[in-house]
Every structure is written in C-alpha cells, then in structure tokens.
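Text of input.tsv, listed as TSV, C-alpha atoms:
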```tsv
chain	number	residue	atom	x	y	z
A	1	MET	CA	-13.13	15.28	48.29
A	2	PRO	CA	-15.10	12.13	49.09
A	3	ALA	CA	-13.19	9.07	50.20
A	4	ARG	CA	-14.92	6.91	47.60
A	5	VAL	CA	-17.17	7.10	44.54
A	6	SER	CA	-19.05	3.93	43.55
A	7	GLU	CA	-21.39	3.13	40.71
A	8	SER	CA	-24.58	2.21	42.56
A	9	PHE	CA	-28.28	1.45	42.44
A	10	VAL	CA	-30.38	3.26	45.02
A	11	LEU	CA	-32.63	0.72	46.74
A	12	ARG	CA	-34.66	2.58	49.37
A	13	THR	CA	-34.66	5.81	51.34
A	14	TYR	CA	-36.06	6.50	54.81
A	15	PRO	CA	-36.66	9.92	56.42
A	16	PHE	CA	-34.18	10.71	59.19
A	17	ARG	CA	-34.39	13.74	61.44
A	18	GLU	CA	-35.68	16.95	59.92
A	19	ALA	CA	-33.96	17.08	56.53
A	20	ASP	CA	-31.89	13.90	56.11
A	21	LEU	CA	-32.43	10.50	54.53
A	22	VAL	CA	-31.08	7.06	55.34
A	23	VAL	CA	-30.24	5.47	51.98
A	24	SER	CA	-29.90	1.78	51.19
A	25	PHE	CA	-27.78	1.39	48.04
A	26	PHE	CA	-26.11	-1.42	46.11
A	27	THR	CA	-22.60	-0.61	44.92
A	28	ARG	CA	-20.74	-2.39	42.18
A	29	ASP	CA	-17.47	-2.57	44.12
A	30	LEU	CA	-18.50	-2.98	47.78
A	31	GLY	CA	-21.95	-4.56	47.63
A	32	LYS	CA	-24.95	-3.42	49.61
A	33	LEU	CA	-24.43	-0.43	51.93
A	34	ARG	CA	-26.44	2.07	53.97
A	35	GLY	CA	-25.64	5.72	54.55
A	36	ILE	CA	-26.99	9.08	55.67
A	37	ALA	CA	-27.66	11.74	53.05
A	38	ARG	CA	-27.49	15.02	54.97
A	39	ARG	CA	-30.00	17.70	53.94
A	40	ALA	CA	-31.23	15.48	51.08
A	41	ARG	CA	-34.85	16.51	51.73
A	42	ARG	CA	-34.11	20.19	51.29
A	43	PRO	CA	-34.46	22.06	47.97
A	44	LYS	CA	-31.31	22.20	45.87
A	45	SER	CA	-29.63	19.37	47.77
A	46	ALA	CA	-26.44	17.78	46.45
A	47	PHE	CA	-28.44	14.66	45.56
A	48	GLY	CA	-31.04	16.19	43.25
A	49	SER	CA	-33.30	13.46	41.86
A	50	GLY	CA	-30.59	10.82	42.17
A	51	LEU	CA	-32.08	9.10	45.21
A	52	GLU	CA	-35.20	7.83	43.44
A	53	ARG	CA	-35.79	4.08	43.56
A	54	LEU	CA	-33.31	2.10	41.45
A	55	SER	CA	-31.67	5.20	40.04
A	56	GLN	CA	-28.24	4.25	38.73
A	57	VAL	CA	-25.78	6.78	40.12
A	58	ARG	CA	-22.18	7.47	41.01
A	59	MET	CA	-22.46	7.75	44.78
A	60	ALA	CA	-19.90	9.82	46.68
A	61	TYR	CA	-19.49	8.75	50.29
A	62	PHE	CA	-17.16	8.28	53.22
A	63	GLN	CA	-17.22	5.00	55.15
A	64	LYS	CA	-15.57	4.97	58.56
A	65	GLU	CA	-14.17	1.66	59.74
A	66	ASN	CA	-16.74	-0.29	61.80
A	67	ALA	CA	-19.40	2.41	61.23
A	68	GLU	CA	-22.87	1.07	60.44
A	69	LEU	CA	-23.78	4.02	58.20
A	70	ALA	CA	-21.67	5.74	55.56
A	71	SER	CA	-21.78	9.52	55.17
A	72	LEU	CA	-23.08	10.40	51.69
A	73	SER	CA	-21.94	13.67	50.14
A	74	GLY	CA	-23.70	13.60	46.77
A	75	CYS	CA	-24.44	11.57	43.66
A	76	GLU	CA	-24.26	11.90	39.89
A	77	LEU	CA	-27.21	10.44	38.01
A	78	ILE	CA	-26.29	7.87	35.34
A	79	GLU	CA	-29.72	6.46	34.52
A	80	SER	CA	-33.13	7.41	35.88
A	81	GLN	CA	-36.07	4.97	36.09
A	82	PHE	CA	-38.60	7.83	36.13
A	83	ALA	CA	-40.44	6.64	33.02
A	84	LEU	CA	-40.83	3.16	34.53
A	85	GLN	CA	-42.12	4.58	37.81
A	86	SER	CA	-44.91	6.39	35.97
A	87	ASP	CA	-46.30	3.06	34.70
A	88	TYR	CA	-47.97	1.05	37.48
A	89	ALA	CA	-47.01	-2.45	36.28
A	90	SER	CA	-43.40	-1.43	35.62
A	91	SER	CA	-43.31	0.30	38.99
A	92	MET	CA	-44.36	-2.96	40.67
A	93	ALA	CA	-41.51	-4.72	38.86
A	94	LEU	CA	-39.08	-2.12	40.25
A	95	ASP	CA	-40.41	-2.75	43.75
A	96	TYR	CA	-39.91	-6.49	43.23
A	97	PHE	CA	-36.33	-6.07	41.96
A	98	THR	CA	-35.57	-3.89	44.98
A	99	GLU	CA	-36.98	-6.41	47.44
A	100	VAL	CA	-35.12	-9.32	45.84
A	101	THR	CA	-31.86	-7.34	46.01
A	102	GLU	CA	-32.38	-6.32	49.63
A	103	GLN	CA	-33.43	-9.76	50.86
A	104	LEU	CA	-31.01	-12.02	48.98
A	105	LEU	CA	-27.76	-10.06	49.05
A	106	PRO	CA	-25.74	-9.84	52.27
A	107	PRO	CA	-24.27	-6.41	53.10
A	108	HIS	CA	-20.70	-5.47	52.21
A	109	GLU	CA	-20.24	-8.31	49.69
A	110	PRO	CA	-19.55	-7.28	46.06
A	111	ASN	CA	-21.64	-9.11	43.47
A	112	ASP	CA	-20.83	-7.82	40.00
A	113	ARG	CA	-22.98	-10.41	38.25
A	114	PHE	CA	-26.06	-9.33	40.21
A	115	PHE	CA	-25.23	-5.68	39.49
A	116	ARG	CA	-25.08	-6.43	35.77
A	117	LEU	CA	-28.32	-8.42	36.03
A	118	LEU	CA	-30.15	-5.41	37.46
A	119	ALA	CA	-28.68	-3.07	34.84
A	120	ALA	CA	-29.69	-5.38	31.98
A	121	ALA	CA	-33.22	-5.96	33.27
A	122	LEU	CA	-33.83	-2.24	33.78
A	123	ALA	CA	-32.50	-1.39	30.31
A	124	TYR	CA	-34.80	-4.06	28.86
A	125	LEU	CA	-37.80	-2.51	30.61
A	126	ARG	CA	-36.89	1.01	29.51
A	127	ALA	CA	-36.82	-0.15	25.88
A	128	ALA	CA	-40.46	-1.28	26.02
A	129	GLY	CA	-43.11	0.36	23.88
A	130	ASP	CA	-46.80	0.60	24.65
A	131	ALA	CA	-47.55	-2.59	22.71
A	132	ASP	CA	-45.06	-4.84	24.52
A	133	ARG	CA	-44.76	-3.17	27.94
A	134	SER	CA	-46.66	-5.89	29.83
A	135	ALA	CA	-44.85	-8.72	28.03
A	136	ARG	CA	-41.46	-7.20	28.78
A	137	MET	CA	-42.39	-6.70	32.42
A	138	TRP	CA	-43.23	-10.39	32.95
A	139	THR	CA	-40.16	-11.44	30.97
A	140	ALA	CA	-37.91	-9.25	33.13
A	141	VAL	CA	-39.49	-10.42	36.39
A	142	THR	CA	-38.96	-14.05	35.38
A	143	TYR	CA	-35.40	-13.40	34.18
A	144	VAL	CA	-34.36	-11.60	37.36
A	145	SER	CA	-35.96	-14.34	39.49
A	146	ILE	CA	-34.12	-17.13	37.69
A	147	TRP	CA	-30.75	-15.44	37.94
A	148	ALA	CA	-31.26	-14.23	41.51
A	149	VAL	CA	-31.88	-17.82	42.61
A	150	ARG	CA	-28.97	-19.12	40.58
A	151	LEU	CA	-26.54	-16.51	41.92
A	152	ALA	CA	-27.72	-17.22	45.46
A	153	GLY	CA	-26.77	-20.87	44.93
A	154	VAL	CA	-30.13	-22.25	46.07
A	155	TRP	CA	-31.50	-23.80	42.87
A	156	PRO	CA	-34.60	-25.94	43.65
A	157	GLU	CA	-35.80	-29.25	42.28
A	158	PHE	CA	-37.37	-28.45	38.92
A	159	ARG	CA	-41.04	-29.49	38.77
A	160	VAL	CA	-42.62	-27.16	36.23
A	161	SER	CA	-44.19	-27.37	32.78
A	162	ARG	CA	-42.17	-28.22	29.70
A	163	GLU	CA	-42.62	-24.68	28.40
A	164	SER	CA	-41.24	-23.26	31.65
A	165	VAL	CA	-38.26	-25.61	31.47
A	166	GLU	CA	-37.52	-24.38	27.94
A	167	ILE	CA	-37.83	-20.75	29.05
A	168	ALA	CA	-35.48	-21.33	31.99
A	169	GLU	CA	-32.92	-23.12	29.83
A	170	GLU	CA	-32.87	-20.26	27.34
A	171	MET	CA	-32.63	-17.61	30.07
A	172	PHE	CA	-29.61	-19.40	31.53
A	173	THR	CA	-27.69	-18.99	28.29
A	174	THR	CA	-29.10	-15.89	26.59
A	175	PRO	CA	-28.91	-12.17	27.47
A	176	ILE	CA	-32.35	-10.77	28.24
A	177	GLY	CA	-32.33	-8.55	25.16
A	178	GLU	CA	-31.67	-11.52	22.86
A	179	LEU	CA	-34.37	-13.93	24.05
A	180	THR	CA	-36.53	-15.65	21.43
A	181	PRO	CA	-39.68	-13.57	20.79
A	182	ARG	CA	-42.60	-15.11	22.66
A	183	GLU	CA	-46.22	-14.17	23.44
A	184	TRP	CA	-45.64	-13.36	27.10
A	185	THR	CA	-48.60	-12.95	29.44
A	186	LYS	CA	-49.01	-13.20	33.19
A	187	ALA	CA	-49.71	-16.93	32.73
A	188	THR	CA	-46.44	-17.58	30.87
A	189	ALA	CA	-44.00	-19.42	33.17
A	190	SER	CA	-46.20	-18.61	36.17
A	191	ASP	CA	-45.41	-22.01	37.72
A	192	LEU	CA	-41.70	-21.27	37.33
A	193	ARG	CA	-42.04	-17.86	39.01
A	194	ARG	CA	-43.97	-19.37	41.93
A	195	LEU	CA	-41.23	-21.96	42.42
A	196	LEU	CA	-38.49	-19.33	42.28
A	197	VAL	CA	-40.27	-16.96	44.67
A	198	ARG	CA	-40.89	-19.78	47.14
A	199	THR	CA	-37.20	-20.71	46.96
A	200	MET	CA	-36.09	-17.11	47.57
A	201	GLU	CA	-38.52	-16.69	50.46
A	202	GLN	CA	-37.24	-19.87	52.10
A	203	HIS	CA	-33.66	-18.68	51.66
A	204	ALA	CA	-34.45	-15.22	53.07
A	205	GLU	CA	-36.71	-16.70	55.78
A	206	ARG	CA	-39.45	-14.17	55.10
A	207	LYS	CA	-42.34	-13.55	52.74
A	208	PHE	CA	-41.83	-11.03	49.93
A	209	MET	CA	-44.28	-8.16	50.25
A	210	THR	CA	-44.21	-7.26	46.55
A	211	VAL	CA	-45.25	-10.65	45.17
A	212	PRO	CA	-49.01	-10.36	45.94
A	213	LEU	CA	-49.04	-6.93	44.31
A	214	LEU	CA	-47.38	-8.32	41.18
A	215	GLU	CA	-49.75	-11.26	41.01
A	216	ALA	CA	-52.73	-8.91	41.33
A	217	LEU	CA	-51.85	-7.18	38.05
```
Could you render the structure as structure tokens?
Amino acid sequence: MPARVSESFVLRTYPFREADLVVSFFTRDLGKLRGIARRARRPKSAFGSGLERLSQVRMAYFQKENAELASLSGCELIESQFALQSDYASSMALDYFTEVTEQLLPPHEPNDRFFRLLAAALAYLRAAGDADRSARMWTAVTYVSIWAVRLAGVWPEFRVSRESVEIAEEMFTTPIGELTPREWTKATASDLRRLLVRTMEQHAERKFMTVPLLEAL
C-alpha cells in the first residue's frame, strides 16, 4: 500500500532513464512536489493517461524524509483536460496556468486556495462551447492572474483603465462561473494582464515563457 494518496494536479513530466518519468505535481495537502514514476513510459503502466498536463488525479506515492524525489506508484484520474489540449488557444492557457503554478508556489507548502483556483478555472474552460471558447479563455487567464498575484501577497499599484478596475473588483468577490456576462476579447483587460504578469515575473525573478505565446493568439 502507498504511504500517501493526495488529490493533485500534474504540472509537468520529464523523461528519466529508459522507461521512467520525473513528475512535478501540485497536491492539495502537501503543496508542490516532484517524484519518479517508474515504468510510466511503458504500455499498460500503472499511471495510464493520468500524467497528462493538469490532469486532476489521486496520486499514490511514498515520500522518504529528506528525499528530493517521491516514489510514485500510480494515480487515479479524476478529471482529464484532454478536450482543452486539443484546442490550441485553450492549450496555451493550460501552459500558462502550469507556469504560474510552478513559478509562484514554493515546494512543500500547502495552498488550498490556489488548488481551488486551478480547479475552478479548468472547470470554467471545460464548460466552454465553440461560440464562447475564446472569451472564456481570456476570462480564465485574467482570473487566474489576479488571484495568483493576490495569493502571493504581491499586489501592485493599480494603474489601469476604469474597465479593468471594474473587472478586477468583480473578480475579487465573484466565483469565475458567476461573473457578469461581458464581450471578452484579447483586448479586454489587456492592461491589467500586463501589469499582473509583470508583477509575477518580478516576484519569480524570471520571464514567463508562455506569455508571448498567449499574446500571439
């Protein structure tokens, strides 16, 4: 039996040796961790399709004291983001969410509010139809950015348009699925997103690789 099972979001995987993967994952109870998934690259592995980017899973693992990497024994898929990955714009949003999570959150520190933020934003994206997919993507990117900065405790001086101020004020107090309907485009709250990204990059002391790809959409 595994020593622990944690509800988690898979962030990234990296090939390791012939058949293994190093997995970066964000757990609800222990925060951000890394582990080795043995034989995960082989057919019929214990991980199945559960190690895809931002899959929500129950991760089974054993963490030795003072060990840098946990030993992963398997995972149970709760929610796949496969449909989002097949849409290029939504896929870029997933990459952005992953980078924000990896760069802003310190390892081994639980952050239930950030976990719930990710879950809500992903559910909001999955509910999109063809007609509102782009609008929901920009809404979710803005919402995650606002709350990521707020939860990091690095809120900047607010010098943005009145519309962006109104959007931010509503997002502070309203679940993403209950926001006032608005004609969202790439231009909507773009000054706010630039401010938030700049703040996160300064806090992380590095440029975010996904931002230029998002802005090129």
Counting only C-alpha atoms, the option among A:Asp191, A:Asp29, A:Glu170, A:Glu163 closest to Arg113 (chain A) = A:Asp29
Using only C-alpha atoms, find each residue of region 1-44 of chain A with at least one atom at most 12 Å away from an atom of region 68-92 of chain A; report its shortest atom-to-atom pair and that distance in Å (one decimal), sort the rows by chain and rising residue number, and return the result as JSON lines.
```
{"residue": "A:Met1", "atom": "CA", "partner": "A:Ser73", "partner_atom": "CA", "distance": 9.1}
{"residue": "A:Pro2", "atom": "CA", "partner": "A:Ser73", "partner_atom": "CA", "distance": 7.1}
{"residue": "A:Ala3", "atom": "CA", "partner": "A:Ser73", "partner_atom": "CA", "distance": 9.9}
{"residue": "A:Arg4", "atom": "CA", "partner": "A:Leu72", "partner_atom": "CA", "distance": 9.8}
{"residue": "A:Val5", "atom": "CA", "partner": "A:Cys75", "partner_atom": "CA", "distance": 8.6}
{"residue": "A:Ser6", "atom": "CA", "partner": "A:Cys75", "partner_atom": "CA", "distance": 9.4}
{"residue": "A:Glu7", "atom": "CA", "partner": "A:Ile78", "partner_atom": "CA", "distance": 8.7}
{"residue": "A:Ser8", "atom": "CA", "partner": "A:Ile78", "partner_atom": "CA", "distance": 9.3}
{"residue": "A:Phe9", "atom": "CA", "partner": "A:Glu79", "partner_atom": "CA", "distance": 9.5}
{"residue": "A:Val10", "atom": "CA", "partner": "A:Cys75", "partner_atom": "CA", "distance": 10.3}
{"residue": "A:Leu11", "atom": "CA", "partner": "A:Gln81", "partner_atom": "CA", "distance": 12.0}
{"residue": "A:Asp20", "atom": "CA", "partner": "A:Leu72", "partner_atom": "CA", "distance": 10.5}
{"residue": "A:Leu21", "atom": "CA", "partner": "A:Leu72", "partner_atom": "CA", "distance": 9.8}
{"residue": "A:Val22", "atom": "CA", "partner": "A:Leu69", "partner_atom": "CA", "distance": 8.4}
{"residue": "A:Val23", "atom": "CA", "partner": "A:Leu72", "partner_atom": "CA", "distance": 8.7}
{"residue": "A:Ser24", "atom": "CA", "partner": "A:Leu69", "partner_atom": "CA", "distance": 9.6}
{"residue": "A:Phe25", "atom": "CA", "partner": "A:Ala70", "partner_atom": "CA", "distance": 10.6}
{"residue": "A:Lys32", "atom": "CA", "partner": "A:Ala70", "partner_atom": "CA", "distance": 11.4}
{"residue": "A:Leu33", "atom": "CA", "partner": "A:Ala70", "partner_atom": "CA", "distance": 7.7}
{"residue": "A:Arg34", "atom": "CA", "partner": "A:Leu69", "partner_atom": "CA", "distance": 5.4}
{"residue": "A:Gly35", "atom": "CA", "partner": "A:Ala70", "partner_atom": "CA", "distance": 4.1}
{"residue": "A:Ile36", "atom": "CA", "partner": "A:Ser71", "partner_atom": "CA", "distance": 5.3}
{"residue": "A:Ala37", "atom": "CA", "partner": "A:Leu72", "partner_atom": "CA", "distance": 5.0}
{"residue": "A:Arg38", "atom": "CA", "partner": "A:Leu72", "partner_atom": "CA", "distance": 7.2}
{"residue": "A:Arg39", "atom": "CA", "partner": "A:Ser73", "partner_atom": "CA", "distance": 9.8}
{"residue": "A:Ala40", "atom": "CA", "partner": "A:Gly74", "partner_atom": "CA", "distance": 8.9}
{"residue": "A:Lys44", "atom": "CA", "partner": "A:Gly74", "partner_atom": "CA", "distance": 11.5}
```
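Note that CA of Leu179 (chain A) and CA of Ala121 (chain A) are 12.2 Å apart.
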Quick one: residues within 8 Å of region 198-205 of chain A, only C-alpha atoms counted, chain neighbours fewer than 3 positions away excluded, as a PyMOL selection string?
-> chain A and resi 103-104+149+154-156+194-195+208
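We find CA of Gly177 (chain A) and CA of Ala131 (chain A) to be spaced 16.5 Å apart.
Proximity of A:Leu192, A:Ala67, A:Leu54, A:Ala119 to Thr142 (chain A), computed with all atoms listed in the file, is greatest for A:Leu192.
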Give the answer as one residue: which of A:Glu65, A:Glu52, A:Asp130, A:Glu166 has the shortest atom-to-atom distance to Thr188 (chain A), using only C-alpha atoms?
-> A:Glu166
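Here CA of Ala148 (chain A) stands at a distance of 27.8 Å from CA of Ser49 (chain A).
Minimum atom-to-atom distance to Leu117 (chain A), evaluated using only C-alpha atoms, belongs to A:Thr101 out of A:Thr180, A:Thr13, A:Ser161, A:Thr101.
Excluding Leu105 (chain A) itself and any same-chain residue fewer than 4 positions from it, the protein and nucleic acid residues within 9 Å of it, counting all atoms listed in the file, are Gly31, Lys32, Val100, Thr101, Glu109, Asn111 and Ala152 of chain A.
Closest to Trp138 (chain A) among A:Ser190, A:Gln63, A:Thr98, A:Thr210 is A:Ser190, based on only C-alpha atoms.
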